[in-house]
>>> print(open('coords00.cif').read())   # mmCIF, C-alpha atoms
data_target
#
loop_
_atom_site.label_atom_id
_atom_site.label_comp_id
_atom_site.auth_asym_id
_atom_site.auth_seq_id
_atom_site.Cartn_x
_atom_site.Cartn_y
_atom_site.Cartn_z
CA MET A 30 -35.56 -19.31 -6.52
CA GLU A 31 -34.08 -22.76 -7.00
CA LEU A 32 -31.14 -23.01 -9.37
CA GLY A 33 -31.60 -24.97 -12.57
CA GLU A 34 -28.93 -27.01 -14.31
CA ALA A 35 -28.04 -24.19 -16.72
CA THR A 36 -27.38 -21.66 -13.98
CA LYS A 37 -25.41 -24.11 -11.87
CA ASN A 38 -22.75 -24.31 -14.56
CA LYS A 39 -21.62 -20.71 -14.40
CA TYR A 40 -18.09 -19.76 -13.48
CA ILE A 41 -16.35 -16.58 -12.57
CA TYR A 42 -12.71 -16.40 -13.53
CA GLU A 43 -10.26 -13.89 -12.08
CA SER A 44 -6.80 -13.26 -13.39
CA GLU A 45 -4.44 -10.69 -14.80
CA LEU A 46 -1.19 -12.36 -15.64
CA GLY A 47 2.14 -10.61 -15.44
CA THR A 48 1.25 -7.39 -13.59
CA SER A 49 2.85 -6.27 -10.36
CA LYS A 50 -0.39 -4.81 -9.02
CA ASP A 51 -1.96 -8.26 -8.71
CA ARG A 52 1.23 -9.52 -7.12
CA GLU A 53 0.93 -6.80 -4.49
CA ILE A 54 -2.64 -7.86 -3.71
CA MET A 55 -1.70 -11.52 -3.31
CA TRP A 56 1.34 -10.64 -1.21
CA HIS A 57 -0.18 -8.08 1.15
CA ASP A 58 -3.93 -8.74 1.11
CA PRO A 59 -4.98 -12.02 -0.55
CA HIS A 60 -8.32 -11.82 1.26
CA LYS A 61 -9.19 -8.82 -0.91
CA LEU A 62 -8.81 -10.99 -4.01
CA LEU A 63 -11.02 -13.71 -2.56
CA GLU A 64 -13.59 -11.12 -1.50
CA GLY A 65 -13.65 -9.85 -5.07
CA CYS A 66 -14.47 -13.39 -6.17
CA LEU A 67 -17.22 -13.87 -3.59
CA ILE A 68 -19.14 -10.62 -4.12
CA PRO A 69 -20.77 -11.52 -7.47
CA ILE A 70 -21.79 -15.08 -6.59
CA THR A 71 -25.33 -14.20 -5.51
CA THR A 72 -26.12 -12.20 -8.65
CA MET A 73 -24.24 -14.39 -11.13
CA ARG A 74 -25.09 -17.67 -9.41
CA ALA A 75 -21.56 -18.82 -10.04
CA ILE A 76 -20.42 -22.12 -8.60
CA ALA A 77 -16.65 -21.78 -8.98
CA THR A 78 -13.77 -19.33 -9.28
CA TYR A 79 -10.52 -20.19 -11.01
CA ILE A 80 -7.64 -17.91 -10.05
CA TYR A 81 -4.80 -18.14 -12.56
CA ILE A 82 -1.48 -16.78 -11.27
CA ARG A 83 2.14 -16.93 -12.36
CA GLY A 84 3.87 -20.09 -11.21
CA GLU A 85 6.97 -18.01 -10.35
CA TYR A 86 5.04 -16.20 -7.58
CA VAL A 87 5.90 -18.74 -4.88
CA ASN A 88 5.31 -16.62 -1.77
CA GLU A 89 2.21 -15.02 -3.25
CA ARG A 90 0.90 -18.50 -4.02
CA LEU A 91 1.42 -19.63 -0.42
CA ASN A 92 -0.36 -16.51 0.90
CA LEU A 93 -3.29 -17.11 -1.40
CA LEU A 94 -3.55 -20.79 -0.47
CA LYS A 95 -3.55 -19.84 3.22
CA ALA A 96 -6.28 -17.25 2.66
CA ARG A 97 -8.36 -19.77 0.72
CA LYS A 98 -8.07 -22.27 3.57
CA GLU A 99 -9.28 -19.60 6.01
CA ALA A 100 -12.23 -18.78 3.73
CA TYR A 101 -13.31 -22.43 3.72
CA GLU A 102 -12.93 -22.70 7.50
CA LEU A 103 -15.14 -19.61 7.98
CA GLY A 104 -17.80 -20.92 5.62
CA LEU A 105 -17.22 -18.20 3.04
CA SER A 106 -16.48 -20.83 0.39
CA GLY A 107 -17.47 -24.42 -0.10
CA LYS A 108 -20.87 -25.88 0.80
CA ASN A 109 -23.56 -23.26 1.45
CA ALA A 110 -21.04 -20.46 0.94
CA CYS A 111 -21.75 -17.37 3.07
CA GLY A 112 -24.99 -18.99 4.18
CA PHE A 113 -26.75 -18.13 0.90
CA GLY A 114 -27.60 -21.72 0.05
CA ASN A 115 -25.21 -21.89 -2.93
CA ASP A 116 -22.07 -24.01 -3.17
CA PHE A 117 -19.04 -22.03 -4.29
CA ASP A 118 -15.51 -23.38 -4.72
CA VAL A 119 -12.21 -21.58 -5.31
CA TYR A 120 -9.52 -23.22 -7.43
CA ILE A 121 -6.00 -21.84 -7.83
CA HIS A 122 -4.10 -22.63 -11.02
CA PHE A 123 -0.39 -21.91 -11.47
CA GLY A 124 0.71 -20.90 -14.96
CA ALA A 125 4.20 -20.91 -16.46
CA GLY A 126 4.45 -17.15 -17.01
CA ALA A 127 3.54 -16.93 -20.72
CA TYR A 128 2.55 -13.38 -21.69
CA ILE A 129 0.01 -14.58 -24.25
CA CYS A 130 -1.95 -16.30 -21.46
CA GLY A 131 -3.18 -12.85 -20.47
CA GLU A 132 -5.68 -13.13 -23.34
CA GLU A 133 -8.96 -14.56 -22.06
CA THR A 134 -9.43 -17.50 -24.43
CA THR A 135 -5.73 -18.43 -24.10
CA LEU A 136 -6.13 -18.52 -20.34
CA LEU A 137 -9.10 -20.82 -20.66
CA GLU A 138 -7.18 -23.12 -23.00
CA SER A 139 -4.25 -23.19 -20.55
CA LEU A 140 -6.62 -24.08 -17.71
CA LYS A 141 -7.73 -27.10 -19.72
CA VAL A 142 -4.07 -28.21 -19.96
CA LYS A 143 -3.84 -27.30 -23.64
CA GLN A 144 -1.30 -25.14 -25.46
CA GLY A 145 -1.52 -21.46 -24.55
CA LYS A 146 -2.98 -20.26 -27.86
CA PRO A 147 -6.05 -18.05 -28.41
CA ARG A 148 -9.13 -19.42 -30.14
CA LEU A 149 -11.49 -17.76 -32.54
CA LYS A 150 -14.55 -15.90 -31.25
CA PRO A 151 -17.52 -16.45 -31.36
CA PRO A 152 -18.36 -18.36 -29.30
CA PHE A 153 -17.41 -15.88 -26.59
CA PRO A 154 -16.49 -17.09 -23.09
CA ALA A 155 -19.74 -15.63 -21.72
CA ASN A 156 -21.61 -18.21 -23.81
CA ALA A 157 -19.16 -21.09 -24.01
CA GLY A 158 -16.06 -20.72 -21.89
CA LEU A 159 -14.24 -23.05 -19.53
CA TYR A 160 -15.29 -26.68 -20.09
CA GLY A 161 -18.08 -25.38 -22.34
CA CYS A 162 -19.77 -23.50 -19.48
CA PRO A 163 -20.65 -19.77 -19.44
CA THR A 164 -17.57 -18.02 -18.06
CA THR A 165 -16.89 -14.46 -16.94
CA VAL A 166 -13.26 -13.39 -17.25
CA THR A 167 -12.48 -10.45 -14.99
CA ASN A 168 -10.13 -9.17 -12.30
CA VAL A 169 -10.50 -7.98 -8.75
CA GLU A 170 -10.19 -4.28 -9.56
CA ILE A 171 -13.50 -4.30 -11.43
CA VAL A 172 -15.27 -5.06 -8.15
CA ALA A 173 -13.66 -2.02 -6.41
CA PHE A 174 -15.66 0.98 -5.28
CA ALA A 175 -16.60 3.52 -7.96
CA SER A 176 -16.83 6.72 -5.95
CA PHE A 177 -13.73 8.55 -7.23
CA GLY A 178 -12.69 10.10 -10.52
CA ARG A 179 -14.67 11.88 -13.20
CA LYS A 180 -17.67 10.64 -15.17
CA ASN A 181 -17.07 7.41 -17.15
CA ASN A 182 -13.65 7.13 -15.46
CA SER A 183 -14.64 6.50 -11.88
CA GLY A 184 -13.17 4.13 -9.34
CA ILE A 185 -9.77 3.42 -7.87
CA LYS A 186 -6.74 1.98 -9.61
CA LEU A 187 -3.43 0.43 -8.70
CA PHE A 188 -0.67 2.39 -10.44
CA CYS A 189 2.71 0.65 -10.77
CA VAL A 190 5.30 3.41 -11.24
CA SER A 191 8.87 2.51 -12.22
CA GLY A 192 11.80 3.87 -14.21
CA HIS A 193 13.57 7.14 -13.55
CA VAL A 194 11.74 8.17 -10.38
CA ASN A 195 13.25 8.53 -6.93
CA LYS A 196 10.95 6.00 -5.26
CA PRO A 197 9.40 3.38 -7.57
CA CYS A 198 6.21 2.00 -6.04
CA THR A 199 2.79 0.47 -6.52
CA VAL A 200 0.09 2.80 -5.16
CA GLU A 201 -3.70 2.70 -4.94
CA GLU A 202 -5.15 6.00 -6.13
CA GLU A 203 -8.31 7.45 -7.61
CA MET A 204 -8.82 7.55 -11.34
CA SER A 205 -8.32 10.85 -13.20
CA MET A 206 -5.35 11.79 -11.03
CA PRO A 207 -2.86 14.11 -12.80
CA LEU A 208 0.18 12.19 -13.99
CA LYS A 209 2.61 14.79 -12.64
CA GLU A 210 0.96 14.70 -9.21
CA LEU A 211 1.09 10.89 -9.18
CA THR A 212 4.85 10.82 -9.71
CA GLU A 213 5.64 13.66 -7.33
CA ARG A 214 3.34 12.72 -4.45
CA HIS A 215 4.09 9.01 -4.30
CA CYS A 216 7.43 8.55 -6.10
CA GLY A 217 9.43 11.57 -5.00
CA GLY A 218 9.36 13.03 -8.49
CA VAL A 219 11.44 12.40 -11.60
CA LYS A 220 15.18 12.01 -11.07
CA GLY A 221 16.74 15.38 -11.77
CA GLY A 222 13.38 17.14 -11.55
CA TRP A 223 10.31 17.32 -13.81
CA ASP A 224 12.23 19.34 -16.42
CA ASN A 225 14.56 16.34 -16.85
CA LEU A 226 11.62 14.22 -18.06
CA LEU A 227 11.82 12.88 -21.61
CA ALA A 228 8.69 10.73 -21.91
CA ILE A 229 6.36 8.43 -19.98
CA ILE A 230 4.72 5.16 -20.96
CA PRO A 231 1.37 5.43 -19.11
CA GLY A 232 -0.08 1.93 -19.27
CA GLY A 233 2.52 -0.77 -19.80
CA SER A 234 5.07 -1.61 -22.48
CA SER A 235 2.44 -2.15 -25.18
CA VAL A 236 1.00 1.39 -25.19
CA PRO A 237 2.36 4.46 -27.03
CA LEU A 238 4.58 6.71 -24.94
CA LEU A 239 3.82 10.35 -24.12
CA PRO A 240 6.42 13.13 -24.59
CA LYS A 241 6.93 15.59 -21.74
CA HIS A 242 4.77 18.40 -23.14
CA ILE A 243 1.77 16.07 -23.08
CA CYS A 244 2.60 14.69 -19.63
CA ASP A 245 2.50 18.16 -18.06
CA ASP A 246 -1.32 18.25 -17.88
CA MET A 247 -2.25 14.62 -18.46
CA LEU A 248 -4.96 12.91 -16.37
CA MET A 249 -4.59 9.20 -15.67
CA ASP A 250 -7.86 7.81 -16.97
CA PHE A 251 -9.25 6.10 -20.06
CA ASP A 252 -10.74 9.09 -21.89
CA ALA A 253 -7.83 11.48 -21.34
CA LEU A 254 -5.23 9.02 -22.64
CA LYS A 255 -7.42 7.96 -25.54
CA ALA A 256 -7.63 11.62 -26.58
CA VAL A 257 -3.83 11.69 -27.08
CA GLN A 258 -3.81 8.31 -28.90
CA SER A 259 -2.47 6.32 -25.98
CA ARG A 260 -4.13 4.00 -23.43
CA LEU A 261 -4.32 3.48 -19.68
CA GLY A 262 -3.80 -0.25 -20.16
CA ILE A 263 -2.80 -1.89 -16.89
CA ALA A 264 -1.66 1.46 -15.41
CA THR A 265 2.01 0.45 -15.39
CA VAL A 266 3.71 3.84 -15.56
CA ILE A 267 7.28 3.76 -16.92
CA VAL A 268 9.14 7.06 -16.52
CA MET A 269 12.09 7.91 -18.78
CA ASP A 270 14.38 10.89 -18.22
CA LYS A 271 16.62 12.60 -20.77
CA SER A 272 19.39 10.02 -20.31
CA THR A 273 17.18 7.41 -22.00
CA ASP A 274 18.02 6.13 -25.46
CA ILE A 275 14.52 6.50 -26.90
CA VAL A 276 15.25 4.29 -29.92
CA ASP A 277 16.55 1.53 -27.68
CA ALA A 278 13.42 1.90 -25.54
CA ILE A 279 11.15 1.44 -28.55
CA ALA A 280 13.24 -1.54 -29.68
CA ARG A 281 11.75 -3.63 -26.88
CA LEU A 282 10.09 -5.67 -29.61
CA TYR A 283 12.12 -8.76 -28.73
CA PHE A 284 9.77 -9.33 -25.78
CA TYR A 285 6.76 -9.59 -28.10
CA LYS A 286 8.71 -11.70 -30.58
CA ARG A 287 9.58 -14.13 -27.79
CA GLU A 288 6.08 -14.21 -26.31
CA SER A 289 4.17 -14.66 -29.56
CA CYS A 290 2.45 -18.05 -29.49
CA GLY A 291 3.23 -18.48 -33.20
CA GLN A 292 -0.31 -19.45 -34.20
CA CYS A 293 -0.92 -16.48 -36.55
CA THR A 294 1.58 -15.94 -39.37
CA PRO A 295 1.45 -12.09 -39.37
CA CYS A 296 2.36 -12.00 -35.68
CA ARG A 297 4.85 -14.87 -35.74
CA GLU A 298 6.82 -13.52 -38.71
CA GLY A 299 6.09 -9.81 -38.30
CA THR A 300 7.43 -9.50 -34.76
CA GLY A 301 10.75 -10.97 -35.90
CA TRP A 302 11.01 -8.57 -38.82
CA LEU A 303 10.16 -5.60 -36.63
CA TRP A 304 12.76 -6.56 -34.04
CA MET A 305 15.54 -7.09 -36.59
CA ALA A 306 14.80 -3.74 -38.27
CA MET A 307 14.80 -1.91 -34.93
CA GLU A 308 18.12 -3.52 -33.99
CA ARG A 309 19.63 -2.09 -37.18
CA LEU A 310 18.06 1.33 -36.57
CA LYS A 311 19.53 1.44 -33.06
CA VAL A 312 23.03 1.66 -34.48
CA GLY A 313 22.06 3.40 -37.73
CA ASN A 314 22.82 0.43 -39.98
CA ALA A 315 19.64 0.91 -41.98
CA LYS A 316 18.00 2.97 -44.70
CA LEU A 317 15.44 5.72 -44.23
CA GLU A 318 12.99 3.71 -46.32
CA GLU A 319 12.90 1.10 -43.57
CA ILE A 320 11.06 3.52 -41.26
CA ASP A 321 8.11 3.62 -43.66
CA MET A 322 8.41 -0.14 -44.03
CA LEU A 323 8.08 -0.59 -40.26
CA GLN A 324 4.91 1.46 -40.11
CA GLU A 325 3.44 -0.37 -43.11
CA LEU A 326 4.34 -3.72 -41.57
CA THR A 327 2.52 -2.93 -38.31
CA LYS A 328 -0.57 -2.02 -40.34
CA GLN A 329 -0.39 -5.40 -42.05
CA ILE A 330 -0.21 -7.16 -38.69
CA GLU A 331 -3.03 -5.12 -37.12
CA GLY A 332 -6.41 -6.77 -37.46
CA HIS A 333 -5.01 -9.96 -38.96
CA THR A 334 -4.43 -11.96 -35.78
CA ILE A 335 -6.78 -13.91 -33.53
CA CYS A 336 -5.82 -12.07 -30.34
CA ALA A 337 -4.82 -8.44 -29.72
CA LEU A 338 -1.07 -9.02 -29.51
CA GLY A 339 -0.64 -8.07 -33.16
CA ASP A 340 -2.73 -4.91 -32.68
CA LEU A 341 -0.45 -3.78 -29.85
CA LEU A 342 2.50 -3.52 -32.21
CA HIS A 343 0.78 -0.85 -34.30
CA GLY A 344 0.37 1.28 -31.18
CA LEU A 345 4.04 0.89 -30.32
CA PHE A 346 5.08 2.41 -33.63
CA ARG A 347 2.77 5.41 -33.53
CA VAL A 348 5.64 7.27 -31.87
CA LEU A 349 8.03 6.74 -34.78
CA SER A 350 6.91 9.87 -36.62
CA GLY A 351 7.95 11.96 -33.61
CA ILE A 352 11.55 10.71 -33.57
CA LEU A 353 12.34 10.66 -37.28
CA PRO A 354 15.18 13.20 -36.80
CA GLU A 355 16.83 10.80 -34.33
CA PHE A 356 16.67 7.95 -36.83
CA GLU A 357 18.08 10.18 -39.55
CA ARG A 358 20.93 11.33 -37.28
CA ARG A 359 21.95 7.77 -36.42
CA ILE A 360 21.85 6.62 -40.02
CA LYS A 361 23.93 9.61 -41.12
CA GLU A 362 26.51 9.05 -38.36
CA TYR A 363 26.77 5.35 -39.24
CA VAL A 364 27.36 6.14 -42.91
CA GLU A 365 30.05 8.70 -41.97
CA ARG A 366 31.82 6.16 -39.73
CA GLU A 367 31.77 3.59 -42.52
CA LEU A 368 33.26 6.09 -44.99
CA LEU A 369 36.01 7.02 -42.53
CA GLU A 370 36.89 3.36 -41.96
CA VAL A 371 37.05 2.74 -45.72
CA ALA A 372 39.22 5.83 -46.20
CA ALA A 373 41.56 4.71 -43.43
#
>>> encode(input="coords00.cif", output="C-alpha cells")
Amino acid sequence: MELGEATKNKYIYESELGTSKDREIMWHDPHKLLEGCLIPITTMRAIATYIYIRGEYVNERLNLLKARKEAYELGLSGKNACGFGNDFDVYIHFGAGAYICGEETTLLESLKVKQGKPRLKPPFPANAGLYGCPTTVTNVEIVAFASFGRKNNSGIKLFCVSGHVNKPCTVEEEMSMPLKELTERHCGGVKGGWDNLLAIIPGGSSVPLLPKHICDDMLMDFDALKAVQSRLGIATVIVMDKSTDIVDAIARLYFYKRESCGQCTPCREGTGWLWMAMERLKVGNAKLEEIDMLQELTKQIEGHTICALGDLLHGLFRVLSGILPEFERRIKEYVERELLEVAA
C-alpha cells in the first residue's frame, strides 16, 4: 500500500537519558540499538529515528556514529531502507545531561533546541510530538524478546547493580529473577555476606528502598515490587550494607533540587525545603514535628506538577515511617550535646 502524507510524517524516538544500561549498549553493541530502531519501521511506517544521548558519552557517541555509518553503507538505513521501499533516516542528538530531559515531552522540546521543560498533555506525543508529527517515545529494551519471566512480567532486562557488592556490574537477565540470586550470582554477593545487608533500592534513586526482610524473597519484576509499594523503575539496583547511614542515603534530595527545571512552583520550592529539612535531620538539628511536615509536603507536591519528578519525591519519603526511631535518636543526641556545651 502506498504511503500517504499523514503516514509519512511518523517518527520513532529512542532514548533513556542517564542510565548506565544504555551506555553499555552503545559502548559494547551499538548495532543492537540501531536494530531496535529498525524493527518497527514496517509496521509503524516511520521515516526517522532520533536517538538522544548524553553529550558526556564521548566514546559511546563515536561508537554509535560508526555503527550508523555502517547501517547506511549496508542499505539498512537511508533510501529504500532494508529493501522495503521506505526511506528511513537515523539522527543522533547529543544532550547536556539534564535529568529532567528523561521526561518524554522535555526530550522533544530539547530536540527542538528549546529549554528542557515539560509541556502539558494533551496533546500527547503519539498525536502531536516532534515538529508536530506523531511521535513514539520508547527505548531499545521494549523491542527485546519476551520469552522469559512470569505472566505480565516477561522479557529480559538490563540490571545495573552497584553499592556494597563485591563485583558491581551491569547484567542482562530474565525478568522475575530473585533479587538475592541476582546479587549473588553476578555480583559475588553483598560485602560481609547477605546477613550484613541493610536495604536495597531496586529501581534507581527515585524509588522507595526495601529493607532486608523484604529483599530475602523479592522477585525483580513490576508486579512483585508494586506489591511492596516500590517500583522496578530502570532496574538500577543500589545495595546498602549495615555500615550505611540510612538517613544520609535518603537525604539525596539535593540531586532532585538541582535537576528540577523550575517550571512548576511546588517542585521548584518543595525540593529545596525537603533538602534543607533532611540536612537538619541528618545531624539531629530539627524537631520531631518536621518529620510529619516532610510527609505532608511531599503530598502537596505529588500531583501538582506537569511531569512526574514531583511525584517521585512522595515515593522517596514512604520509607520515613520505618526509620522514625533513628530520627528520634539523632534529635535526642543533638539536644543532649547542646545542653552539655551550654553547661560547660
>>> atom_distance(input="coords00.cif", atom1="atom CA of A:Glu357", atom2="atom CA of A:Leu303")
17.9 Å
>>> resolve_selection(input="coords00.cif", expression="the PyMOL selection byres ((chain A and resi 200-212) around 8)", output="list in words")
Phe177, Gly178, Arg179, Asn182, Ser183, Gly184, Ile185, Lys186, Leu187, Phe188, Cys189, Val190, Val194, Cys198, Thr199, Glu213, Arg214, His215, Cys216, Gly217, Gly218, Val219, Cys244, Asp245, Asp246, Met247, Leu248, Met249 and Asp250 of chain A
>>> closest_atom_pairs(input="coords00.cif", of="stretch 246-329 of chain A", to="stretch 223-238 of chain A", cutoff="8 Å", atoms="all atoms listed in the file", output="CSV")
residue,atom,partner,partner_atom,distance
A:Met249,CA,A:Pro231,CA,7.8
A:Gln258,CA,A:Pro237,CA,7.5
A:Ser259,CA,A:Pro237,CA,5.3
A:Arg260,CA,A:Val236,CA,6.0
A:Leu261,CA,A:Gly232,CA,4.5
A:Gly262,CA,A:Gly232,CA,4.4
A:Ile263,CA,A:Gly232,CA,5.3
A:Ala264,CA,A:Gly232,CA,4.2
A:Thr265,CA,A:Gly233,CA,4.6
A:Val266,CA,A:Pro231,CA,4.5
A:Ile267,CA,A:Ile230,CA,5.0
A:Val268,CA,A:Ile229,CA,4.6
A:Met269,CA,A:Ala228,CA,5.4
A:Asp270,CA,A:Leu226,CA,4.3
A:Lys271,CA,A:Leu227,CA,4.9
A:Thr273,CA,A:Leu227,CA,7.7
>>> write_last_selection(input="coords00.cif", atoms="C-alpha atoms", output="compact mmCIF listing (two decimals), in the frame of the given file")
# COMPACT_ATOMS: atom_id res chain seq x y z
CA MET A 249 -4.59 9.20 -15.67
CA GLN A 258 -3.81 8.31 -28.90
CA SER A 259 -2.47 6.32 -25.98
CA ARG A 260 -4.13 4.00 -23.43
CA LEU A 261 -4.32 3.48 -19.68
CA GLY A 262 -3.80 -0.25 -20.16
CA ILE A 263 -2.80 -1.89 -16.89
CA ALA A 264 -1.66 1.46 -15.41
CA THR A 265 2.01 0.45 -15.39
CA VAL A 266 3.71 3.84 -15.56
CA ILE A 267 7.28 3.76 -16.92
CA VAL A 268 9.14 7.06 -16.52
CA MET A 269 12.09 7.91 -18.78
CA ASP A 270 14.38 10.89 -18.22
CA LYS A 271 16.62 12.60 -20.77
CA THR A 273 17.18 7.41 -22.00
>>> resolve_selection(input="coords00.cif", expression="the PyMOL selection byres ((chain A and resi 67) around 12)", output="MDAnalysis selection string")
chainID A and resid 40:43 60:66 68:79 97 100:101 104:107 110:111 113 115:119 169 172
>>> residues_around(input="coords00.cif", residues="A:Ala125", least_positions_apart="4", cutoff="10 Å", atoms="all atoms listed in the file", output="list in words")
Ile82, Arg83, Gly84, Glu85, Cys130, Ser139 and Gly145 of chain A
>>> write_last_selection(input="coords00.cif", atoms="C-alpha atoms", output="PDB file, in the coordinates of the input")
ATOM      1  CA  ILE A  82      -1.480 -16.780 -11.270  1.00  0.00           C
ATOM      2  CA  ARG A  83       2.140 -16.930 -12.360  1.00  0.00           C
ATOM      3  CA  GLY A  84       3.870 -20.090 -11.210  1.00  0.00           C
ATOM      4  CA  GLU A  85       6.970 -18.010 -10.350  1.00  0.00           C
ATOM      5  CA  CYS A 130      -1.950 -16.300 -21.460  1.00  0.00           C
ATOM      6  CA  SER A 139      -4.250 -23.190 -20.550  1.00  0.00           C
ATOM      7  CA  GLY A 145      -1.520 -21.460 -24.550  1.00  0.00           C
TER       8      GLY A 145
END
>>> resolve_selection(input="coords00.cif", expression="the PyMOL selection byres ((chain A and resi 362-372) around 9)", output="list in words")
Val312, Gly313, Asn314, Ala315, Glu357, Arg358, Arg359, Ile360, Lys361 and Ala373 of chain A
>>> atom_distance(input="coords00.cif", atom1="atom CA of A:Leu326", atom2="atom CA of A:Arg309")
16.0 Å
>>> atom_distance(input="coords00.cif", atom1="atom CA of A:Cys336", atom2="atom CA of A:Glu132")
7.1 Å
>>> residues_around(input="coords00.cif", residues="A:Cys296", least_positions_apart="4", cutoff="12 Å", atoms="all atoms listed in the file", output="count of residues only")
33
>>> closest_residue(input="coords00.cif", among="A:Pro152, A:Ser49, A:Val142, A:Leu137", to="A:Ser191", atoms="only C-alpha atoms")
A:Ser49
